[in-house]
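Text of my_file.txt, listed as compact mmCIF, C-alpha atoms:
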```txt
# COMPACT_ATOMS: atom_id res chain seq x y z
CA MET K 1 -0.89 23.74 -9.48
CA ASP K 2 2.26 23.59 -11.57
CA TYR K 3 3.05 20.11 -10.32
CA ARG K 4 0.40 18.67 -12.63
CA ILE K 5 1.49 20.39 -15.83
CA ALA K 6 4.43 18.12 -16.54
CA LYS K 7 2.39 14.95 -16.08
CA ARG K 8 -0.48 15.35 -18.46
CA SER K 9 1.19 14.80 -21.80
CA SER K 10 1.31 11.31 -23.18
CA ILE K 11 4.85 10.04 -23.63
CA SER K 12 5.67 6.81 -25.39
CA PHE K 13 8.95 5.12 -24.48
CA GLY K 14 9.75 4.44 -28.10
CA SER K 15 12.65 2.06 -27.50
CA TYR K 16 10.84 0.05 -24.87
CA GLN K 17 9.25 -3.24 -25.88
CA ARG K 18 5.89 -3.58 -24.23
CA PRO K 19 4.32 -6.97 -23.59
CA MET K 20 0.71 -7.81 -24.31
CA GLU K 21 -1.55 -5.37 -22.48
CA GLN K 22 -2.87 -7.54 -19.68
CA PHE K 23 -1.95 -8.06 -16.08
CA GLN K 24 1.03 -10.28 -15.57
CA ASN K 25 2.64 -11.98 -12.62
CA ALA K 26 5.77 -10.26 -11.45
CA GLY K 27 6.63 -12.86 -8.89
CA GLY K 28 7.81 -16.43 -9.19
CA SER K 29 10.71 -18.38 -7.85
CA GLY K 30 14.31 -17.31 -8.10
CA ILE K 31 15.86 -13.86 -7.91
CA TYR K 32 13.82 -11.00 -9.29
CA GLN K 33 15.86 -8.97 -11.75
CA ARG K 34 15.02 -5.94 -13.85
CA GLN K 35 16.35 -6.08 -17.37
CA ILE K 36 16.28 -3.45 -20.05
CA PRO K 37 14.29 -2.88 -22.17
CA MET K 38 11.55 -4.93 -20.45
CA LEU K 39 10.14 -3.21 -17.36
CA TYR K 40 9.48 -6.50 -15.58
CA ASN K 41 11.29 -9.61 -16.71
CA PRO K 42 10.77 -12.47 -16.28
CA ARG K 43 7.07 -12.85 -15.52
CA THR K 44 4.33 -15.16 -16.69
CA ASN K 45 1.02 -14.18 -18.21
CA MET K 46 -2.11 -14.49 -16.15
CA GLU K 47 -4.66 -16.82 -17.67
CA PRO K 48 -7.25 -14.49 -19.24
CA GLN K 49 -10.91 -15.15 -18.47
CA GLY K 50 -12.65 -13.92 -21.57
CA PRO K 51 -12.17 -10.37 -22.94
CA ASN K 52 -10.13 -8.44 -20.41
CA THR K 53 -9.86 -4.88 -21.78
CA CYS K 54 -12.15 -2.21 -23.19
CA THR K 55 -11.22 1.23 -24.48
CA PHE K 56 -13.07 4.53 -24.91
CA ASP K 57 -11.35 7.31 -26.89
CA HIS K 58 -11.82 10.98 -25.99
CA SER K 59 -11.03 14.09 -27.99
CA SER K 60 -8.68 15.55 -25.36
CA PRO K 61 -6.32 14.36 -22.58
CA GLN K 62 -8.04 13.00 -19.48
CA PHE K 63 -7.13 13.09 -15.81
CA ALA K 64 -9.97 13.11 -13.24
CA LEU K 65 -11.69 9.73 -12.87
CA ASP K 66 -14.16 7.83 -10.69
CA TRP K 67 -16.35 4.71 -10.99
CA SER K 68 -19.81 4.52 -9.39
CA VAL K 69 -21.62 1.59 -7.81
CA GLY K 70 -23.99 1.60 -10.79
CA ASP K 71 -21.09 1.15 -13.24
CA LYS K 72 -21.08 4.71 -14.48
CA VAL K 73 -17.66 6.26 -15.02
CA ALA K 74 -17.03 10.00 -14.73
CA VAL K 75 -13.95 11.47 -16.40
CA GLY K 76 -12.64 15.01 -16.65
CA SER K 77 -10.45 16.48 -19.36
CA TYR K 78 -7.15 18.25 -18.79
CA LYS K 79 -6.60 20.97 -21.38
CA GLU K 80 -4.70 24.21 -20.85
CA ASP K 81 -7.55 26.31 -22.19
CA SER K 82 -11.14 27.12 -21.26
CA PHE K 83 -12.76 24.21 -23.11
CA ASN K 84 -12.72 21.33 -20.64
CA LYS K 85 -15.41 18.72 -20.12
CA VAL K 86 -16.87 16.36 -17.57
CA VAL K 87 -18.13 13.24 -19.34
CA ILE K 88 -20.28 10.37 -18.06
CA LEU K 89 -19.62 6.93 -19.58
CA GLU K 90 -21.94 3.94 -19.33
CA ALA K 91 -21.43 0.35 -20.39
CA GLY K 92 -23.38 -2.86 -20.69
CA SER K 93 -23.42 -5.63 -18.12
CA GLU K 94 -20.15 -7.13 -19.41
CA LEU K 95 -18.33 -3.77 -19.36
CA LEU K 96 -16.97 -4.45 -22.85
CA GLN K 97 -18.25 -1.35 -24.62
CA TRP K 98 -18.56 2.19 -23.29
CA GLU K 99 -20.52 5.13 -24.63
CA SER K 100 -20.71 8.77 -23.62
CA THR K 101 -24.20 9.51 -22.32
CA LEU K 102 -23.87 12.92 -20.66
CA GLN K 103 -21.35 15.73 -20.63
CA ALA K 104 -20.93 19.25 -19.30
CA HIS K 105 -18.50 22.03 -20.17
CA VAL K 106 -16.23 23.51 -17.50
CA ILE K 107 -13.59 26.22 -17.77
CA TYR K 108 -10.72 24.86 -15.72
CA PRO K 109 -9.41 21.27 -15.74
CA VAL K 110 -10.99 19.12 -13.05
CA SER K 111 -8.44 17.85 -10.52
CA ARG K 112 -10.77 15.34 -8.84
CA ILE K 113 -14.15 13.69 -9.46
CA GLN K 114 -16.01 11.59 -6.92
CA TRP K 115 -19.43 9.99 -7.02
CA MET K 116 -21.63 10.39 -3.99
CA PRO K 117 -21.11 7.20 -1.93
CA MET K 118 -23.53 4.45 -2.93
CA SER K 119 -25.05 6.61 -5.68
CA SER K 120 -24.88 6.92 -9.45
CA GLU K 121 -27.05 10.02 -9.73
CA LYS K 122 -24.91 12.67 -8.03
CA LEU K 123 -21.21 13.55 -8.14
CA ALA K 124 -18.79 16.31 -7.14
CA THR K 125 -15.84 17.92 -8.89
CA CYS K 126 -13.15 20.36 -7.86
CA SER K 127 -10.98 22.83 -9.77
CA ASP K 128 -11.40 26.56 -9.24
CA SER K 129 -14.48 25.67 -7.17
CA LEU K 130 -16.11 22.71 -5.45
CA ARG K 131 -19.24 21.77 -7.37
CA ILE K 132 -22.07 19.28 -6.87
CA TRP K 133 -23.63 17.81 -10.03
CA SER K 134 -26.85 15.88 -10.56
CA LEU K 135 -27.64 13.45 -13.36
CA GLY K 136 -30.93 13.44 -15.21
CA ASP K 137 -31.69 14.22 -18.81
CA GLN K 138 -28.46 16.20 -18.64
CA LEU K 139 -25.47 16.63 -16.38
CA LYS K 140 -26.41 19.72 -14.40
CA GLU K 141 -24.48 21.76 -11.86
CA GLN K 142 -26.61 21.65 -8.73
CA VAL K 143 -24.62 23.99 -6.49
CA ASN K 144 -21.24 25.70 -6.50
CA LEU K 145 -20.17 25.46 -2.86
CA SER K 146 -17.22 27.84 -3.25
CA LEU K 147 -19.41 30.60 -4.68
CA VAL K 148 -21.83 30.32 -1.78
CA LYS K 149 -18.97 30.36 0.72
CA TYR K 150 -17.54 33.61 -0.67
CA GLY K 151 -20.91 35.24 -1.26
CA LYS K 152 -20.75 35.12 -5.04
CA GLY K 153 -23.61 34.44 -7.40
CA VAL K 154 -24.22 32.93 -10.81
CA GLY K 155 -24.11 36.43 -12.29
CA ASP K 156 -20.53 36.87 -11.09
CA VAL K 157 -19.58 33.72 -12.97
CA ALA K 158 -21.36 34.80 -16.13
CA ASN K 159 -19.60 38.17 -16.05
CA GLY K 160 -16.24 36.57 -15.39
CA HIS K 161 -15.83 38.35 -12.05
CA THR K 162 -14.80 35.17 -10.23
CA LEU K 163 -12.30 33.80 -12.77
CA GLY K 164 -9.01 33.33 -10.98
CA LYS K 165 -10.32 35.08 -7.85
CA LEU K 166 -11.22 32.06 -5.69
CA PRO K 167 -8.50 29.83 -4.18
CA PRO K 168 -8.41 26.61 -6.23
CA VAL K 169 -9.67 23.44 -4.55
CA THR K 170 -7.00 20.78 -4.97
CA SER K 171 -8.95 17.75 -3.70
CA PHE K 172 -11.94 16.65 -1.65
CA ASP K 173 -13.49 13.59 -0.05
CA TRP K 174 -17.18 12.74 0.24
CA ASN K 175 -17.79 11.10 3.61
CA SER K 176 -19.10 7.54 3.29
CA ILE K 177 -20.82 7.55 6.71
CA ASP K 178 -22.63 10.89 6.47
CA THR K 179 -23.11 11.88 2.83
CA ASN K 180 -24.04 15.42 3.87
CA ILE K 181 -20.38 15.98 4.81
CA ILE K 182 -17.61 16.79 2.32
CA LEU K 183 -13.99 17.59 3.14
CA SER K 184 -11.91 19.74 0.76
CA SER K 185 -8.35 21.06 0.56
CA SER K 186 -7.01 24.21 -1.05
CA ILE K 187 -3.80 25.93 -2.05
CA ASP K 188 -4.57 28.66 0.55
CA THR K 189 -3.28 26.24 3.30
CA THR K 190 -6.80 25.43 4.54
CA CYS K 191 -9.14 22.48 4.76
CA THR K 192 -12.89 23.09 4.70
CA VAL K 193 -15.60 20.77 6.01
CA TRP K 194 -18.87 21.28 4.16
CA ASP K 195 -22.34 20.42 5.43
CA LEU K 196 -24.81 20.15 2.55
CA GLN K 197 -27.69 20.80 4.95
CA ALA K 198 -26.26 24.03 6.38
CA SER K 199 -27.46 27.40 5.10
CA ASN K 200 -24.08 28.47 3.66
CA TYR K 201 -22.78 24.88 3.43
CA VAL K 202 -19.66 25.61 5.52
CA LYS K 203 -19.36 23.61 8.74
CA THR K 204 -15.82 24.64 9.65
CA GLN K 205 -12.56 25.77 8.09
CA LEU K 206 -9.07 25.44 9.49
CA ILE K 207 -5.49 26.22 8.56
CA ALA K 208 -4.12 22.73 8.08
CA HIS K 209 -0.54 23.20 6.82
CA ASP K 210 2.21 25.76 6.42
CA SER K 211 1.80 25.73 2.64
CA GLU K 212 -0.59 24.36 0.01
CA VAL K 213 -2.79 21.43 1.00
CA PHE K 214 -2.82 18.99 -1.90
CA ASP K 215 -5.05 16.21 -0.53
CA ALA K 216 -7.37 15.48 2.39
CA LYS K 217 -9.31 12.30 3.17
CA PHE K 218 -11.55 11.01 5.95
CA LEU K 219 -10.19 8.01 7.80
CA THR K 220 -12.09 4.79 7.28
CA GLN K 221 -15.50 4.50 8.90
CA SER K 222 -15.26 7.94 10.49
CA SER K 223 -17.04 11.24 9.98
CA ASN K 224 -14.81 13.08 12.46
CA LEU K 225 -11.21 11.98 11.81
CA PHE K 226 -9.41 13.05 8.66
CA ALA K 227 -5.85 13.32 7.37
CA SER K 228 -4.23 15.82 5.03
CA CYS K 229 -0.95 16.27 3.18
CA GLY K 230 0.64 19.21 1.46
CA GLY K 231 3.54 21.22 0.19
CA ASP K 232 5.34 21.18 3.53
CA GLY K 233 5.82 17.42 3.16
CA SER K 234 3.85 16.46 6.26
CA VAL K 235 0.82 14.26 6.93
CA ARG K 236 -1.45 15.56 9.68
CA VAL K 237 -4.49 14.02 11.37
CA PHE K 238 -7.38 16.12 12.68
CA ASP K 239 -10.44 15.42 14.81
CA LEU K 240 -13.48 17.58 14.11
CA ARG K 241 -14.52 17.20 17.76
CA CYS K 242 -11.32 18.96 18.87
CA LEU K 243 -9.70 21.17 16.26
CA ALA K 244 -7.42 22.95 18.73
CA HIS K 245 -4.75 20.33 18.06
CA SER K 246 -3.58 18.09 15.25
CA THR K 247 -1.20 15.15 15.13
CA ILE K 248 1.74 15.15 12.72
CA ILE K 249 2.30 11.51 11.82
CA TYR K 250 4.89 12.13 9.13
CA GLU K 251 7.18 14.92 8.02
CA PRO K 252 10.40 15.13 5.99
CA GLN K 253 13.28 13.46 7.75
CA SER K 254 16.01 15.81 6.56
CA GLN K 255 15.95 19.55 6.24
CA ILE K 256 18.71 21.44 4.48
CA GLN K 257 19.64 24.55 6.38
CA THR K 258 18.56 27.61 4.45
CA HIS K 259 20.10 31.06 4.38
CA THR K 260 18.37 34.41 4.32
CA PRO K 261 18.95 36.70 1.33
CA SER K 262 21.17 38.89 3.48
CA GLN K 263 23.42 35.90 4.11
CA ILE K 264 23.99 35.30 0.42
CA GLN K 265 24.44 38.83 -0.87
CA LEU K 266 27.11 39.08 -3.47
CA SER K 267 30.25 40.64 -2.16
CA ALA K 268 30.76 44.27 -2.95
CA GLN K 269 33.08 45.23 -5.74
CA GLY K 270 36.66 44.99 -4.58
CA HIS K 271 36.26 41.93 -2.32
CA ASP K 272 38.69 39.16 -3.01
CA ASP K 273 37.85 36.01 -4.98
CA GLY K 274 37.63 33.93 -1.80
CA HIS K 275 34.70 35.96 -0.54
CA ALA K 276 33.00 35.72 -3.93
CA ARG K 277 33.39 31.96 -4.02
CA LYS K 278 31.95 31.69 -0.50
CA ASN K 279 28.91 33.79 -1.43
CA ASN K 280 28.37 31.78 -4.60
CA GLN K 281 28.48 28.59 -2.54
CA ASN K 282 25.90 30.00 -0.14
CA ALA K 283 23.66 30.91 -3.07
CA ALA K 284 23.95 27.39 -4.48
CA GLU K 285 23.06 25.90 -1.08
CA THR K 286 19.99 28.12 -0.86
CA SER K 287 18.87 27.08 -4.34
CA LEU K 288 19.35 23.43 -3.39
CA ALA K 289 17.38 23.94 -0.19
CA VAL K 290 14.42 25.46 -2.05
CA SER K 291 14.50 22.61 -4.58
CA SER K 292 14.62 20.05 -1.77
CA LEU K 293 11.66 21.57 0.02
CA GLU K 294 9.62 21.59 -3.19
CA SER K 295 10.42 17.94 -3.90
CA GLN K 296 9.21 16.93 -0.43
CA ALA K 297 5.63 18.01 -1.18
CA LEU K 298 3.12 15.18 -0.71
CA LEU K 299 0.53 15.10 -3.49
CA ARG K 300 -1.73 12.11 -2.78
CA LEU K 301 -3.08 10.52 0.38
CA GLU K 302 -5.02 7.26 0.63
CA PRO K 303 -6.23 5.91 4.00
CA SER K 304 -6.77 2.17 4.10
CA PRO K 305 -10.48 1.27 3.88
CA PHE K 306 -9.96 -1.59 6.38
CA ASP K 307 -7.34 -0.45 8.88
CA PRO K 308 -7.87 3.06 10.33
CA ASN K 309 -4.19 3.25 11.28
CA ILE K 310 -2.73 2.72 7.79
CA LEU K 311 -2.26 5.44 5.16
CA ALA K 312 -0.35 5.57 1.88
CA THR K 313 1.09 8.71 0.30
CA ILE K 314 3.41 9.80 -2.51
CA GLN K 315 5.82 12.70 -2.93
CA GLN K 316 6.03 15.08 -5.86
CA ASP K 317 8.02 13.59 -8.76
CA SER K 318 8.79 10.47 -6.68
CA ASN K 319 8.57 6.82 -7.72
CA VAL K 320 8.24 5.60 -4.12
CA VAL K 321 5.02 4.83 -2.22
CA ILE K 322 5.22 5.69 1.49
CA ILE K 323 3.15 3.50 3.83
CA LEU K 324 2.45 5.03 7.26
CA ASP K 325 1.07 3.61 10.50
CA MET K 326 -0.40 6.18 12.89
CA ARG K 327 0.63 4.00 15.84
CA TYR K 328 4.27 4.64 14.91
CA PRO K 329 4.44 8.27 13.74
CA GLY K 330 7.56 9.85 12.35
CA SER K 331 8.74 7.47 9.64
CA PRO K 332 7.30 4.98 7.15
CA ILE K 333 6.70 1.38 8.13
CA LEU K 334 7.13 0.33 4.51
CA THR K 335 8.04 1.80 1.12
CA LEU K 336 7.17 0.41 -2.32
CA ASN K 337 9.90 1.00 -4.89
CA GLY K 338 8.55 -0.75 -7.99
CA HIS K 339 8.03 2.17 -10.36
CA TYR K 340 10.68 3.71 -12.59
CA CYS K 341 9.14 7.16 -12.97
CA ALA K 342 6.99 9.55 -10.99
CA LEU K 343 3.79 8.18 -9.47
CA ASN K 344 0.44 9.76 -10.31
CA GLN K 345 -2.11 7.81 -8.25
CA LEU K 346 -2.55 5.06 -5.67
CA ARG K 347 -5.75 3.24 -4.66
CA TRP K 348 -6.52 0.62 -2.04
CA HIS K 349 -8.64 -2.32 -3.16
CA PRO K 350 -12.29 -1.79 -2.12
CA SER K 351 -12.82 -5.34 -0.79
CA LYS K 352 -9.40 -6.97 -0.27
CA PRO K 353 -7.50 -5.78 2.81
CA ASN K 354 -3.97 -4.45 2.26
CA VAL K 355 -4.08 -4.65 -1.54
CA LEU K 356 -2.86 -1.47 -3.25
CA ALA K 357 -2.68 -0.45 -6.91
CA THR K 358 -0.37 2.30 -8.15
CA CYS K 359 0.21 3.99 -11.51
CA GLY K 360 2.71 6.42 -12.92
CA ASP K 361 4.63 8.02 -15.74
CA ASP K 362 6.44 4.75 -16.50
CA CYS K 363 3.21 3.52 -18.20
CA GLN K 364 2.77 0.94 -15.45
CA ILE K 365 -0.05 -0.11 -13.13
CA LEU K 366 1.34 -2.21 -10.29
CA TYR K 367 -0.68 -4.50 -8.01
CA TRP K 368 0.72 -4.84 -4.48
CA ASP K 369 -0.54 -7.44 -1.98
CA LEU K 370 0.77 -6.18 1.35
CA LEU K 371 -1.06 -8.63 3.59
CA ASP K 372 2.10 -10.28 4.89
CA SER K 373 4.03 -7.04 5.12
CA LEU K 374 1.36 -5.14 7.07
CA ASN K 375 -0.13 -7.97 9.12
CA GLY K 376 3.12 -9.83 9.79
CA GLY K 377 5.73 -9.29 12.44
CA THR K 378 6.50 -5.78 11.21
CA ILE K 379 3.41 -4.32 12.87
CA SER K 380 1.43 -6.89 14.84
CA SER K 381 4.28 -7.53 17.27
CA GLY K 382 3.98 -3.95 18.47
CA ILE K 383 7.76 -3.51 18.54
CA PRO K 384 8.59 -0.26 16.73
CA GLN K 385 12.20 -1.30 16.15
CA GLN K 386 11.04 -4.04 13.79
CA ARG K 387 10.06 -1.41 11.27
CA TRP K 388 13.74 -1.28 10.35
CA THR K 389 16.08 -3.89 9.00
CA SER K 390 19.38 -4.87 10.59
CA THR K 391 21.04 -2.03 8.65
CA ASN K 392 18.68 0.50 10.24
CA THR K 393 16.77 1.21 7.01
CA VAL K 394 13.02 1.17 6.50
CA HIS K 395 11.58 -2.05 5.08
CA PHE K 396 10.84 -1.78 1.37
CA LEU K 397 9.39 -3.88 -1.44
CA GLU K 398 10.45 -3.72 -5.08
CA THR K 399 8.45 -6.53 -6.65
CA PRO K 400 4.65 -6.28 -7.06
CA GLN K 401 2.48 -9.35 -7.46
CA MET K 402 1.19 -8.19 -10.85
CA SER K 403 1.86 -5.44 -13.33
CA TYR K 404 0.20 -3.97 -16.39
CA THR K 405 1.88 -1.97 -19.15
CA ALA K 406 -0.08 0.73 -20.96
CA GLN K 407 0.90 2.52 -24.15
CA ASN K 408 1.10 5.97 -22.52
CA GLU K 409 1.69 7.51 -19.12
CA VAL K 410 -1.08 6.41 -16.76
CA ASN K 411 -2.46 9.68 -15.42
CA ASN K 412 -5.06 8.25 -13.05
CA MET K 413 -6.75 5.01 -12.08
CA VAL K 414 -9.69 3.73 -10.05
CA TRP K 415 -11.08 0.39 -8.89
CA ARG K 416 -14.52 -0.73 -9.87
CA PRO K 417 -16.43 -0.79 -6.53
CA LYS K 418 -16.70 -4.60 -6.82
CA GLY K 419 -12.92 -4.80 -7.17
CA ASP K 420 -12.79 -7.02 -10.28
CA TRP K 421 -11.83 -4.30 -12.79
CA ILE K 422 -9.45 -1.35 -12.84
CA GLY K 423 -10.23 1.73 -14.91
CA TYR K 424 -7.48 4.11 -15.95
CA VAL K 425 -6.88 7.13 -18.16
CA ALA K 426 -3.77 7.49 -20.30
CA GLY K 427 -3.51 10.22 -22.87
CA LYS K 428 -6.93 10.60 -24.50
CA GLN K 429 -8.14 7.11 -23.59
CA PHE K 430 -10.14 5.59 -20.78
CA ARG K 431 -9.60 1.87 -20.50
CA ASN K 432 -10.86 -0.79 -18.10
CA ILE K 433 -8.94 -4.02 -17.49
CA ARG K 434 -10.10 -7.17 -15.75
CA ILE K 435 -8.07 -8.36 -12.77
```
Is it possible to express this structure as structure tokens?
Amino acid sequence: MDYRIAKRSSISFGSYQRPMEQFQNAGGSGIYQRQIPMLYNPRTNMEPQGPNTCTFDHSSPQFALDWSVGDKVAVGSYKEDSFNKVVILEAGSELLQWESTLQAHVIYPVSRIQWMPMSSEKLATCSDSLRIWSLGDQLKEQVNLSLVKYGKGVGDVANGHTLGKLPPVTSFDWNSIDTNIILSSSIDTTCTVWDLQASNYVKTQLIAHDSEVFDAKFLTQSSNLFASCGGDGSVRVFDLRCLAHSTIIYEPQSQIQTHTPSQIQLSAQGHDDGHARKNNQNAAETSLAVSSLESQALLRLEPSPFDPNILATIQQDSNVVIILDMRYPGSPILTLNGHYCALNQLRWHPSKPNVLATCGDDCQILYWDLLDSLNGGTISSGIPQQRWTSTNTVHFLETPQMSYTAQNEVNNMVWRPKGDWIGYVAGKQFRNIRI
């Protein structure tokens, strides 16, 4: 999981002048222009309605994050050692002061945390294993699904026999329709569907991609349809009722032709300089091809909670959000180009259709209202050609409706289930901001 390493440190753009830390309009009349050093300029402040931010400081960098229906927040640390934590935060009714109520030690950094749908008493985490936790007087590991799957026991963990032996779980999704079903993805190219009522918890496992699977999510209001994305740069949709086939709805548009090692062998001693230059060129092309394939990896996938046809995804080290429509596979229907640096997370609003929030290494959280773009003539007309402009390029947006500037890289973010607050982690801080 090397793609995460470069994103966890907190970097302050020292020469940048940051405005007051609250959401601001990025729209307005006239031509929208970006000016340095301000990230978004001009824009007007939103009228604050009482206190609009609250901060909780941790002792180590944070990454994993989720917010429950009972206003409990779970966060996971990201340290490159064996002293990581899962911490439960609780706040009062006004969400203006947080305190740590429960915590548990874990060895590896947690890549994802999710509360059980409509619950504040059970959650799941993934890292080296997929674990279910229960809340009581303490935060207790209820079951390690990966250990059961591979026939390992608690004794193997205590003796260190499983450390580094199980394929890491990159992400998972707890089904909102049937809470006994969990979908997970792994670097071993597979997706696993877990049934918490089954004897060994495994319902089915399938090879989903040609390389690592970095994310997998159920489509909205479905316990059978799910989508996945991975290192091969594709988004694929599966149906648990028929796993013999899958549908590729997106894959990289351009592939650089690669050469085998035999094609780029250095010329033997005595060959002329022309042959050497040709072989060096072939080697450079191969290196470029490998770099291109790595950069096409898709790291995050977010199906719309309101439209089962719409998904959003991001590429590794990319500042562009890719919006896909399963009715028109093959290319994006829309791209969002508002960030300056690599994106780390994207989340659809839980109650407002076609509203998306994104965050990244540019210390920004951007609020995108895509109602007109996704419900307008681009899609509803049913004419695929209207996905492109007159210059045959995909439609894109550069200006969000609102933006928020943090003091550090925003590693992760989540909506409060009611949709009136956003929580995010940047550096060692968790902070919630009122929308």
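Atom to atom, CA of Ala198 in chain K and CA of Ile132 in chain K stand 14.7 Å apart.
For the pair CA of His395 in chain K and CA of Asp317 in chain K, the interatomic distance is 21.2 Å.
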What separation in Å, quoted to one decimal, exists between CA of Leu147 in chain K and CA of Lys203 in chain K? 15.1 Å
Would you kindly return, as a ChimeraX atom specification, each protein, DNA or RNA residue with an atom no farther than 10 Å from any atom of Val73 in chain K, considering only C-alpha atoms and excluding same-chain residues fewer than 5 positions away? /K:65-68,87-91,98,100,113-115,120,414,416,423,430
Residues within 8 Å of range 362-371 of chain K, all atoms listed in the file, excluding chain neighbours under 6 positions, as a VMD selection string: chain K and resid 338 to 342 353 to 356 400 to 410
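Checking K:Ile187, K:Asn200, K:Thr247, K:Gln205 one by one against Gly230 in chain K, counting all atoms listed in the file, you find the shortest gap at K:Ile187.
Remark: for Leu166 in chain K, the closest of the candidate residues K:Asn180, K:Ser331, K:Ser129, K:Gln197 is K:Ser129 (distances computed over only C-alpha atoms).
With only C-alpha atoms as the atoms that count, the minimum distance from Pro332 in chain K to the choices K:Asp372, K:Glu251, K:Glu121, K:Glu398 is reached by K:Glu251.
Nearest-residue note for Pro61 in chain K: choosing from K:Ser82, K:Trp194, K:Pro109, K:Gly92, the minimum distance belongs to K:Pro109, counting all atoms listed in the file.
Distances from K:Gln253, K:Thr204, K:Asn309, K:Asn412 to Ala64 in chain K were compared using all atoms listed in the file, and the smallest one belongs to K:Asn412.
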Which of these residues is nearest to Gln103 in chain K, using all atoms listed in the file: K:Ser184, K:Thr192, K:Ser134, K:Gln296? K:Ser134
Show me, as a list in words, the residues that have an atom within 12 Å of Thr55 in chain K when counting all atoms listed in the file, minus same-chain residues fewer than 5 positions from it. Glu21, Leu89, Ala91, Leu95, Leu96, Gln97, Trp98, Glu99, Ala406, Gly423, Tyr424, Val425, Ala426, Gly427, Lys428, Gln429, Phe430, Arg431, Asn432 and Ile433 of chain K
